[in-house]
Amino acid sequence: MTSHHPTAHIIPPPPPPEFSGENQKPPDIQSVRTLVTIINHHMQKILQNTQSQKALTLKCTSKLKIKAQEFFEFAEHSAVSNLYWGIVNADSASQSKCPNQRSIQLDDSEKMLQVPASLDENGITMGIPNSYLLCSSYFYLSVVEFLRGDTWQLALHFLQAVSVSPGLVCNEFAPGIYRSLLPLLLVDISGSGDDVMMVDGDDVIMMRWMARRYKPWLMYYRIMSGVDDFRDMENRGTTSTTNVFRRSKSLEPQNSYEHTSGFLRINTNHNNLMQPRNSQKSITNGVEDEQIASYSKKTKTKVRSNIKCLKDILTESEPESNASSVEDDVFPDQSQHTIIQKTATKKIRRKSLRIQKSSSCRTELVHLQQQQNDKEEEEYRYTFEITKIHEILNSKSGPKYPLLKDVILDQLLIAISSSKEAKVIRTSMSILSTIVTSNRSLLEDVKRKGLQLYDLATALKRNKVHEAVTLIYLINPSPLEIKTLELLPCLVEVVCSYYKMDLNLVSIMPTPPAASLMIIEVLVTAFDCETNNLHLSEISSRRVISRLVKIPRKDNLEEFISLAAVLVECMRFDGNCRRYIYEFSHVGNFVSLLWSNEKRATNIALEFFNELSKMPRSSSIGLLEEIRKQGSVNNMCALFLLTQNSEPEYRLLAANLLLQLEVLEDTFAKCMYREEAANALLESLTCDESSSTQALSAFILSNLGGTYSWTGEPYTTAWLVKKTVLPSANHMNLIKNYDFLDQSMQDGGIDLWCSKIGQRMLQIGEPVFRALEKGLNCKSKRVSRDCLIAISWLGCEIVKSSDEVRNSACEIVLHSIEQFVHPGFELEERLLACLCIYNYTSGRGMKRIISLSEGVRESLRRLSNVTWMAEELLKVADYYQPNKWRISCVHSQILEAGSKCNGAVTALIYYKGLLCSGYTDGSIKVWDIKGQRATLIQEIKEHKKTVTCFALYEHGNCLLSGSSDKTIKMWQMTQKNFECIEVITTKESIRSLDSWGESICATTQSNKLKVVDGSRKAKDVFKNKRVKCLNVMHGKVYAGCTDSSIQELMIINNRHQEMKPPSKSWMQNKPINSVSVYKDWLYSASITVDGSKIKDWRRGNKPQISIMPERGASVLAMEVVEDFIYLNCSTSSSGIQIWLRGTQQRVGRLSGGSKITSMLTANDMILCGTEKGVIKGWIPL
């Protein structure tokens, strides 16, 4: 904005040494009053004379004519023009007789004069030295204050003008002022203790010395003496206390800097003095004025009797004090002030650049921008100034100083509780926060004086005063009080607006965002789970988390602890937060917590890293690499010590992190760390029976070699089950909580990681398998399941090991693994057990299959349709011991659930590991089946009529439901809730459904077969046939018709053929009610059950098996599994007949208690739904 030419501007010379002696005494308050009176009287003489006033205006404006030049800065033009019109408005105000108009003109003049007053003294603007513009603006600011009647502020601005250019003031603006002040100067010099020789013609030097000497003390006495009203000061001889904010002009929109110029920066180099701003009206009015006046009246009597003049107070405390020493008292650390100055300057520069880049900017915009810059800069300075005053008082001894400190606190509290101005409240809170932070003992005084949390909350909510958060935090209210205030939305707003605040100030006081963070920590951790989750729902978003992670200041331990605690809770509430935290957070800040000597810091750091590492393996490895970059040796050493010295739970967390970090080391030399970590996990698994630490240890071991999804769900089981190659979507949907299409399942880094960590665990040897074997037999199903998972992923590596290692492990764990193969366990557990047997008995260990019991072999046979591993194991068993098989036909009921309120159970299916049941009233219920207990987790009623059937839609990983209301609805599970995502309307009621790819096949009430493609266009097939039932397998539709024929349709090319022709005998021409495909066999059920291989059906051969359940009865429903065929017949509709699939013998009957309306087989379990709304389930023993 300005150009700097050192030779074009006469810089006032520095004061001679004789005027800055170290023994110089500060002026007393009477001398300061005398100075104010002299300046006021001289200004009165100038302005009372119209001719002299016009001459003064002419002198000031004579140099303001804009010289012709080819280029000029817009902001430079604004500075000069604002000075010109500021002078004109001041002259007009002095002539105005209307009080309101006079006040408006003075305000306008003050605003305009502020613009040139902000220029750099050492520069040139529009060809005019900045010193001239500065001196003129401050001089006319003193004129404005004279017209307002504020004599002390007048004197401050006048002295500032003198400090900039004493010659200009003495010779042109106020001639004769030096002669008027000379007696005071002589008295002051003679009593100051200096040997000062007066030099003729040195009036400029003397005036500069006077300005330097009196200006800071004038402001100091003004604040400390507590003057109520500065008008007519020369007629008063007493001082009194008043609201500090009534004297501060910094809190108003016009931003006065008078205290800055006079007090904040006392520096021997006056060329760099901070330039002041003008003042304005008091911030208080109406009720607020009455409250403050009432308070002042109460305090005056108490304070007056104890307050001496400041000279006596200073002398009593520091007899040797002088201007320099007071300067040191006020600013013992100039770096703090420098930081504040730089911060404000950076803001001004950034905003000025934005203004200058706009070609359409106008004078008003520059003016408003300058005001905003002044406002922000002044907030920092004023807060710093008042807190320094409080520090000075705090360091003094004597009965007077506590009273003065009480006055400051009282007035701050009055401003906070009664002011209507957000600016006043904000600055008051900032000052009070800083004072309380430096001296926490004052908190009780503040509470006793009546600081209300409600007032602070109101300021935060209504006035958007973010500084209120800091005070609320410092007061340290109880969690219940914080909850009652309902601050969370405001705290989130403060957090998300952090970029508007400067967080780089060096301060022990928490910033508003940091205070918000620490209060949020209380809100998400201090209550019951439901309340905590309610609060977490408001902060667990990408936007909020991206701001939260940037709030803590460097090396601020408490802020990082709070951040880690909040992020841990966010991850536990919503697993998707891991992705945001991993994206935005800097790991190094949290690694430093591991090195802390504070127990809380290390504990929360361990929780944070263990929660964050629950993500896909490649990302988890990336996290470990970042931790490693922060100092591999130091971090592992810190974790090693934590593994030895922490509480049991955190010992395991440290061991988990240490063990994974050790894997990243290329060498095996750091075995000490590995052994310590592994021993910590194994000891907890074996020593703490059915405890939380045993469960945690088992959980860590189960996923140590696997992976997680981004939601934090452990996907190690899904990754292992995928190795068993499930043949169909029906089998996959028997497994809970896993999305086999999740991207984490495609992570190529899992196998390599499993291999690396598996090798390290196998080096520990037998103790690993001894501990896991004990965990397998634990009473806790959770622990035994986790140990089975750990043995399974270790088996993927042990298969590559030597026979000795493999045989040793097999000897220890094989017997305990056998139990998990049997029906009654979850399908994933049975598959993991099969995987373990396959891996641990591989190679020469295959002979150990001989030792498997008949029950285990039978269970493996039943699993042969699910996984190829079971089939391979059976082949080996047949090789060593052929024909040693038995079939147990005894079934045991394990499940009964439901109620009569929804009607009959008309459809059953498993989806995402949950049992779904459809009812005649159109409702769908979702059940979680655990052992012999069924828990209803959701009930939906979207269909208007009976839900007749279910099917899996593999293309979208969805569930289909068909209904008599002529609709097919598509369902998807979102956050463990079923949601309808699509509705397909049809012209007829739906009887049965199945799907392949994007195609949906359905039979209707009129026995038509319709195929709906991906565009949802329906077409009829087998138009000459009436289709009763269907089954889709491997892209082919097998349809049973009412004429007893079976039709085959290839969906891809729409080719079809007749596999079984209609019966020629009218007596046998009965509809086929059910078609089932098992392995390569096709079964049909009518009055008989016929079965053959599919290729034999195509050849027209007679059925290889034929069962006549009951004479004259039709088979209504049929389910086929490895050993059995289950039939529900018309003559005994309340029962299920059990037939051996191999020998076609009837071996039993199951009772449903009432008419059976639906049947389903899943995981060797037979389920049925009855007309009374009851679901029953049995398993073969």
# chains A, B, ... in the order shown; residues from 1 in each chain; ligands from 1
>>> select_by_dssp(residues="range 887-1118 of chain A", states="alpha helix (DSSP H)", output="ChimeraX atom specification")
/A:1094-1099
>>> write_last_selection(atoms="all heavy atoms", output="PDB file, in the first residue's frame")
ATOM      1  N   ILE A1094     -29.539 -85.639 -13.357  1.00  0.00           N
ATOM      2  CA  ILE A1094     -30.138 -84.738 -14.337  1.00  0.00           C
ATOM      3  C   ILE A1094     -29.930 -85.245 -15.756  1.00  0.00           C
ATOM      4  O   ILE A1094     -30.843 -85.185 -16.595  1.00  0.00           O
ATOM      5  CB  ILE A1094     -29.549 -83.320 -14.169  1.00  0.00           C
ATOM      6  CG1 ILE A1094     -29.959 -82.755 -12.800  1.00  0.00           C
ATOM      7  CG2 ILE A1094     -29.991 -82.392 -15.284  1.00  0.00           C
ATOM      8  CD1 ILE A1094     -29.346 -81.410 -12.466  1.00  0.00           C
ATOM      9  N   LYS A1095     -28.753 -85.786 -16.034  1.00  0.00           N
ATOM     10  CA  LYS A1095     -28.484 -86.268 -17.389  1.00  0.00           C
ATOM     11  C   LYS A1095     -29.395 -87.451 -17.736  1.00  0.00           C
ATOM     12  O   LYS A1095     -29.787 -87.652 -18.897  1.00  0.00           O
ATOM     13  CB  LYS A1095     -27.025 -86.642 -17.547  1.00  0.00           C
ATOM     14  CG  LYS A1095     -26.553 -87.752 -16.634  1.00  0.00           C
ATOM     15  CD  LYS A1095     -25.056 -88.025 -16.841  1.00  0.00           C
ATOM     16  CE  LYS A1095     -24.577 -89.155 -15.926  1.00  0.00           C
ATOM     17  NZ  LYS A1095     -23.118 -89.418 -16.122  1.00  0.00           N
ATOM     18  N   ASP A1096     -29.783 -88.275 -16.722  1.00  0.00           N
ATOM     19  CA  ASP A1096     -30.691 -89.387 -16.974  1.00  0.00           C
ATOM     20  C   ASP A1096     -32.105 -88.887 -17.244  1.00  0.00           C
ATOM     21  O   ASP A1096     -32.830 -89.475 -18.057  1.00  0.00           O
ATOM     22  CB  ASP A1096     -30.684 -90.354 -15.793  1.00  0.00           C
ATOM     23  CG  ASP A1096     -29.354 -91.099 -15.664  1.00  0.00           C
ATOM     24  OD1 ASP A1096     -28.698 -91.294 -16.710  1.00  0.00           O
ATOM     25  OD2 ASP A1096     -28.963 -91.458 -14.536  1.00  0.00           O
ATOM     26  N   TRP A1097     -32.498 -87.817 -16.575  1.00  0.00           N
ATOM     27  CA  TRP A1097     -33.809 -87.226 -16.865  1.00  0.00           C
ATOM     28  C   TRP A1097     -33.846 -86.766 -18.316  1.00  0.00           C
ATOM     29  O   TRP A1097     -34.840 -86.966 -19.026  1.00  0.00           O
ATOM     30  CB  TRP A1097     -34.084 -86.034 -15.950  1.00  0.00           C
ATOM     31  CG  TRP A1097     -34.499 -86.363 -14.539  1.00  0.00           C
ATOM     32  CD1 TRP A1097     -33.764 -86.224 -13.420  1.00  0.00           C
ATOM     33  CD2 TRP A1097     -35.766 -86.850 -14.117  1.00  0.00           C
ATOM     34  NE1 TRP A1097     -34.469 -86.601 -12.306  1.00  0.00           N
ATOM     35  CE2 TRP A1097     -35.725 -86.991 -12.709  1.00  0.00           C
ATOM     36  CE3 TRP A1097     -36.942 -87.208 -14.782  1.00  0.00           C
ATOM     37  CZ2 TRP A1097     -36.802 -87.451 -11.962  1.00  0.00           C
ATOM     38  CZ3 TRP A1097     -38.039 -87.662 -14.045  1.00  0.00           C
ATOM     39  CH2 TRP A1097     -37.949 -87.795 -12.638  1.00  0.00           C
ATOM     40  N   ARG A1098     -32.752 -86.133 -18.744  1.00  0.00           N
ATOM     41  CA  ARG A1098     -32.731 -85.625 -20.119  1.00  0.00           C
ATOM     42  C   ARG A1098     -32.807 -86.758 -21.137  1.00  0.00           C
ATOM     43  O   ARG A1098     -33.337 -86.609 -22.236  1.00  0.00           O
ATOM     44  CB  ARG A1098     -31.460 -84.812 -20.350  1.00  0.00           C
ATOM     45  CG  ARG A1098     -31.434 -83.493 -19.588  1.00  0.00           C
ATOM     46  CD  ARG A1098     -30.218 -82.685 -19.968  1.00  0.00           C
ATOM     47  NE  ARG A1098     -30.125 -81.438 -19.206  1.00  0.00           N
ATOM     48  CZ  ARG A1098     -29.057 -81.034 -18.555  1.00  0.00           C
ATOM     49  NH1 ARG A1098     -27.965 -81.787 -18.552  1.00  0.00           N
ATOM     50  NH2 ARG A1098     -29.055 -79.899 -17.893  1.00  0.00           N
ATOM     51  N   ARG A1099     -32.222 -87.886 -20.807  1.00  0.00           N
ATOM     52  CA  ARG A1099     -32.231 -89.033 -21.724  1.00  0.00           C
ATOM     53  C   ARG A1099     -33.581 -89.756 -21.746  1.00  0.00           C
ATOM     54  O   ARG A1099     -33.804 -90.668 -22.547  1.00  0.00           O
ATOM     55  CB  ARG A1099     -31.136 -90.022 -21.342  1.00  0.00           C
ATOM     56  CG  ARG A1099     -29.729 -89.470 -21.550  1.00  0.00           C
ATOM     57  CD  ARG A1099     -28.711 -90.394 -20.921  1.00  0.00           C
ATOM     58  NE  ARG A1099     -27.348 -89.861 -21.064  1.00  0.00           N
ATOM     59  CZ  ARG A1099     -26.300 -90.329 -20.398  1.00  0.00           C
ATOM     60  NH1 ARG A1099     -26.465 -91.338 -19.539  1.00  0.00           N
ATOM     61  NH2 ARG A1099     -25.113 -89.802 -20.587  1.00  0.00           N
TER      62      ARG A1099
END
>>> residues_around(residues="range 602-604 of chain A", least_positions_apart="3", cutoff="8 Å", atoms="only C-alpha atoms", output="JSON, numbers by chain")
{"A": [561, 564, 565, 593, 594, 595, 596, 597, 598, 599, 607, 608, 650]}
>>> residues_around(residues="Gly956 in chain A", least_positions_apart="4", cutoff="10 Å", atoms="only C-alpha atoms", output="list in words")
Leu741, Leu952, Met970, Trp971, Gln972, Gly997 and Glu998 of chain A
>>> residues_around(residues="range 164-174 of chain A", least_positions_apart="5", cutoff="10 Å", atoms="only C-alpha atoms", output="ChimeraX atom specification")
/A:10-12,39,42-43,45-46,52-53,55-57,59-60,121,130-136,138-140,158-159,179,203-209,211,270-273,275
>>> write_last_selection(atoms="N, CA and C atoms", output="CSV table (one decimal), in the first residue's frame")
chain,number,residue,atom,x,y,z
A,10,ILE,N,11.9,12.5,6.6
A,10,ILE,CA,12.8,12.8,7.8
A,10,ILE,C,12.4,12.1,9.0
A,11,ILE,N,13.2,11.1,9.4
A,11,ILE,CA,12.8,10.3,10.6
A,11,ILE,C,13.3,11.1,11.8
A,12,PRO,N,12.4,11.3,12.8
A,12,PRO,CA,12.9,12.0,14.0
A,12,PRO,C,14.0,11.3,14.7
A,39,ILE,N,-3.1,20.5,28.0
A,39,ILE,CA,-3.4,20.1,26.6
A,39,ILE,C,-4.8,20.5,26.3
A,42,HIS,N,-5.2,24.3,25.8
A,42,HIS,CA,-4.6,24.7,24.6
A,42,HIS,C,-5.5,24.4,23.4
A,43,MET,N,-6.1,23.2,23.4
A,43,MET,CA,-7.0,22.8,22.4
A,43,MET,C,-8.3,23.7,22.4
A,45,LYS,N,-8.5,26.8,23.3
A,45,LYS,CA,-8.1,28.1,22.7
A,45,LYS,C,-8.1,28.0,21.1
A,46,ILE,N,-7.6,26.9,20.6
A,46,ILE,CA,-7.5,26.8,19.1
A,46,ILE,C,-8.9,26.7,18.5
A,52,SER,N,-8.6,30.9,13.8
A,52,SER,CA,-7.5,29.9,14.0
A,52,SER,C,-7.9,28.5,13.6
A,53,GLN,N,-9.2,28.2,13.8
A,53,GLN,CA,-9.6,26.8,13.5
A,53,GLN,C,-9.6,26.6,11.9
A,55,ALA,N,-7.6,28.3,9.9
A,55,ALA,CA,-6.2,28.2,9.6
A,55,ALA,C,-5.6,26.8,9.8
A,56,LEU,N,-6.0,26.2,11.0
A,56,LEU,CA,-5.6,24.9,11.3
A,56,LEU,C,-6.0,23.9,10.2
A,57,THR,N,-7.3,24.0,9.8
A,57,THR,CA,-7.8,23.1,8.8
A,57,THR,C,-7.0,23.2,7.5
A,59,LYS,N,-4.0,24.3,7.1
A,59,LYS,CA,-2.6,23.7,7.2
A,59,LYS,C,-2.6,22.2,7.1
A,60,CYS,N,-3.6,21.6,7.7
A,60,CYS,CA,-3.7,20.1,7.6
A,60,CYS,C,-4.0,19.6,6.3
A,121,GLU,N,4.6,4.3,9.6
A,121,GLU,CA,5.2,5.6,9.8
A,121,GLU,C,6.3,5.8,8.8
A,130,ASN,N,4.3,9.5,5.2
A,130,ASN,CA,3.3,8.9,6.1
A,130,ASN,C,3.3,9.6,7.5
A,131,SER,N,4.5,10.1,7.9
A,131,SER,CA,4.6,10.7,9.2
A,131,SER,C,3.6,12.0,9.3
A,132,TYR,N,3.5,12.7,8.1
A,132,TYR,CA,2.6,13.8,8.1
A,132,TYR,C,1.1,13.3,8.2
A,133,LEU,N,0.8,12.2,7.5
A,133,LEU,CA,-0.6,11.7,7.5
A,133,LEU,C,-0.9,11.2,8.9
A,134,LEU,N,0.1,10.5,9.5
A,134,LEU,CA,-0.2,9.9,10.8
A,134,LEU,C,-0.4,11.0,11.9
A,135,CYS,N,0.5,12.0,11.8
A,135,CYS,CA,0.4,13.1,12.8
A,135,CYS,C,-0.9,13.9,12.6
A,136,SER,N,-1.3,14.1,11.4
A,136,SER,CA,-2.5,14.8,11.2
A,136,SER,C,-3.7,14.0,11.6
A,138,TYR,N,-3.9,11.7,14.0
A,138,TYR,CA,-3.9,11.6,15.5
A,138,TYR,C,-4.3,13.0,16.1
A,139,PHE,N,-3.8,14.0,15.5
A,139,PHE,CA,-4.1,15.4,16.0
A,139,PHE,C,-5.6,15.6,15.9
A,140,TYR,N,-6.2,15.3,14.7
A,140,TYR,CA,-7.6,15.5,14.6
A,140,TYR,C,-8.5,14.5,15.3
A,158,PHE,N,-3.2,13.3,21.4
A,158,PHE,CA,-2.3,14.4,21.1
A,158,PHE,C,-0.8,14.0,21.3
A,159,LEU,N,-0.6,13.3,22.4
A,159,LEU,CA,0.8,12.8,22.7
A,159,LEU,C,1.3,11.8,21.6
A,179,ARG,N,5.6,26.2,25.0
A,179,ARG,CA,5.8,27.2,26.1
A,179,ARG,C,4.8,26.9,27.2
A,203,ASP,N,13.3,22.3,21.4
A,203,ASP,CA,11.9,22.0,21.8
A,203,ASP,C,11.4,20.8,21.2
A,204,VAL,N,11.9,20.4,20.0
A,204,VAL,CA,11.4,19.2,19.3
A,204,VAL,C,11.8,17.9,20.2
A,205,ILE,N,13.1,17.9,20.6
A,205,ILE,CA,13.6,16.8,21.4
A,205,ILE,C,12.8,16.8,22.7
A,206,MET,N,12.6,17.9,23.3
A,206,MET,CA,11.9,18.0,24.6
A,206,MET,C,10.5,17.4,24.5
A,207,MET,N,9.8,17.8,23.4
A,207,MET,CA,8.4,17.4,23.2
A,207,MET,C,8.4,15.9,23.0
A,208,ARG,N,9.3,15.4,22.2
A,208,ARG,CA,9.3,13.9,22.0
A,208,ARG,C,9.6,13.2,23.3
A,209,TRP,N,10.5,13.7,24.1
A,209,TRP,CA,10.8,13.1,25.4
A,209,TRP,C,9.6,13.1,26.3
A,211,ALA,N,6.4,13.2,25.3
A,211,ALA,CA,5.4,12.2,24.8
A,211,ALA,C,5.8,10.8,25.2
A,270,HIS,N,11.1,4.7,19.7
A,270,HIS,CA,9.8,5.2,19.4
A,270,HIS,C,9.5,5.3,17.9
A,271,ASN,N,10.5,5.0,17.1
A,271,ASN,CA,10.2,4.8,15.7
A,271,ASN,C,9.2,3.7,15.4
A,272,ASN,N,9.2,2.7,16.3
A,272,ASN,CA,8.4,1.5,16.1
A,272,ASN,C,7.2,1.4,17.1
A,273,LEU,N,6.8,2.6,17.6
A,273,LEU,CA,5.7,2.6,18.6
A,273,LEU,C,4.4,2.1,17.8
A,275,GLN,N,0.8,2.3,16.8
A,275,GLN,CA,0.0,3.5,16.6
A,275,GLN,C,-1.4,3.3,17.1
>>> closest_residue(among="A:Ala514, A:Ala718, A:Ala677, A:Val783", to="Gln694 in chain A", atoms="only C-alpha atoms")
A:Val783
>>> residues_around(residues="Cys1041 in chain A", least_positions_apart="3", cutoff="7 Å", atoms="only C-alpha atoms", output="list in words")
Lys1025, Arg1026, Val1027, Lys1028, Cys1029, Ser1044, Ser1045, Ile1046, Pro1071 and Ile1072 of chain A
>>> write_last_selection(atoms="N, CA, C and O atoms", output="tab-separated table (two decimals), in the first residue's frame")
chain	number	residue	atom	x	y	z
A	1025	LYS	N	-47.76	-74.58	-21.07
A	1025	LYS	CA	-47.69	-75.36	-19.84
A	1025	LYS	C	-48.17	-74.52	-18.67
A	1025	LYS	O	-48.00	-73.31	-18.63
A	1026	ARG	N	-48.74	-75.23	-17.71
A	1026	ARG	CA	-49.13	-74.58	-16.46
A	1026	ARG	C	-48.12	-75.01	-15.40
A	1026	ARG	O	-48.08	-76.17	-15.00
A	1027	VAL	N	-47.33	-74.04	-14.95
A	1027	VAL	CA	-46.21	-74.35	-14.06
A	1027	VAL	C	-46.67	-74.23	-12.61
A	1027	VAL	O	-47.24	-73.21	-12.19
A	1028	LYS	N	-46.36	-75.24	-11.84
A	1028	LYS	CA	-46.77	-75.29	-10.43
A	1028	LYS	C	-45.64	-74.87	-9.50
A	1028	LYS	O	-45.86	-74.22	-8.49
A	1029	CYS	N	-44.39	-75.26	-9.83
A	1029	CYS	CA	-43.25	-74.97	-8.96
A	1029	CYS	C	-42.00	-74.83	-9.81
A	1029	CYS	O	-42.01	-75.20	-11.00
A	1044	SER	N	-47.82	-83.07	-14.66
A	1044	SER	CA	-46.79	-83.98	-14.14
A	1044	SER	C	-45.52	-83.98	-14.97
A	1044	SER	O	-44.65	-84.83	-14.76
A	1045	SER	N	-45.36	-83.03	-15.92
A	1045	SER	CA	-44.14	-82.94	-16.71
A	1045	SER	C	-43.14	-82.02	-16.00
A	1045	SER	O	-43.48	-81.21	-15.14
A	1046	ILE	N	-41.84	-82.18	-16.41
A	1046	ILE	CA	-40.76	-81.31	-15.90
A	1046	ILE	C	-40.11	-80.64	-17.09
A	1046	ILE	O	-39.68	-81.32	-18.04
A	1071	PRO	N	-50.29	-82.98	-10.55
A	1071	PRO	CA	-49.32	-81.86	-10.61
A	1071	PRO	C	-48.09	-82.12	-9.74
A	1071	PRO	O	-48.17	-82.77	-8.70
A	1072	ILE	N	-46.97	-81.60	-10.23
A	1072	ILE	CA	-45.74	-81.68	-9.45
A	1072	ILE	C	-45.70	-80.47	-8.52
A	1072	ILE	O	-45.68	-79.32	-8.97
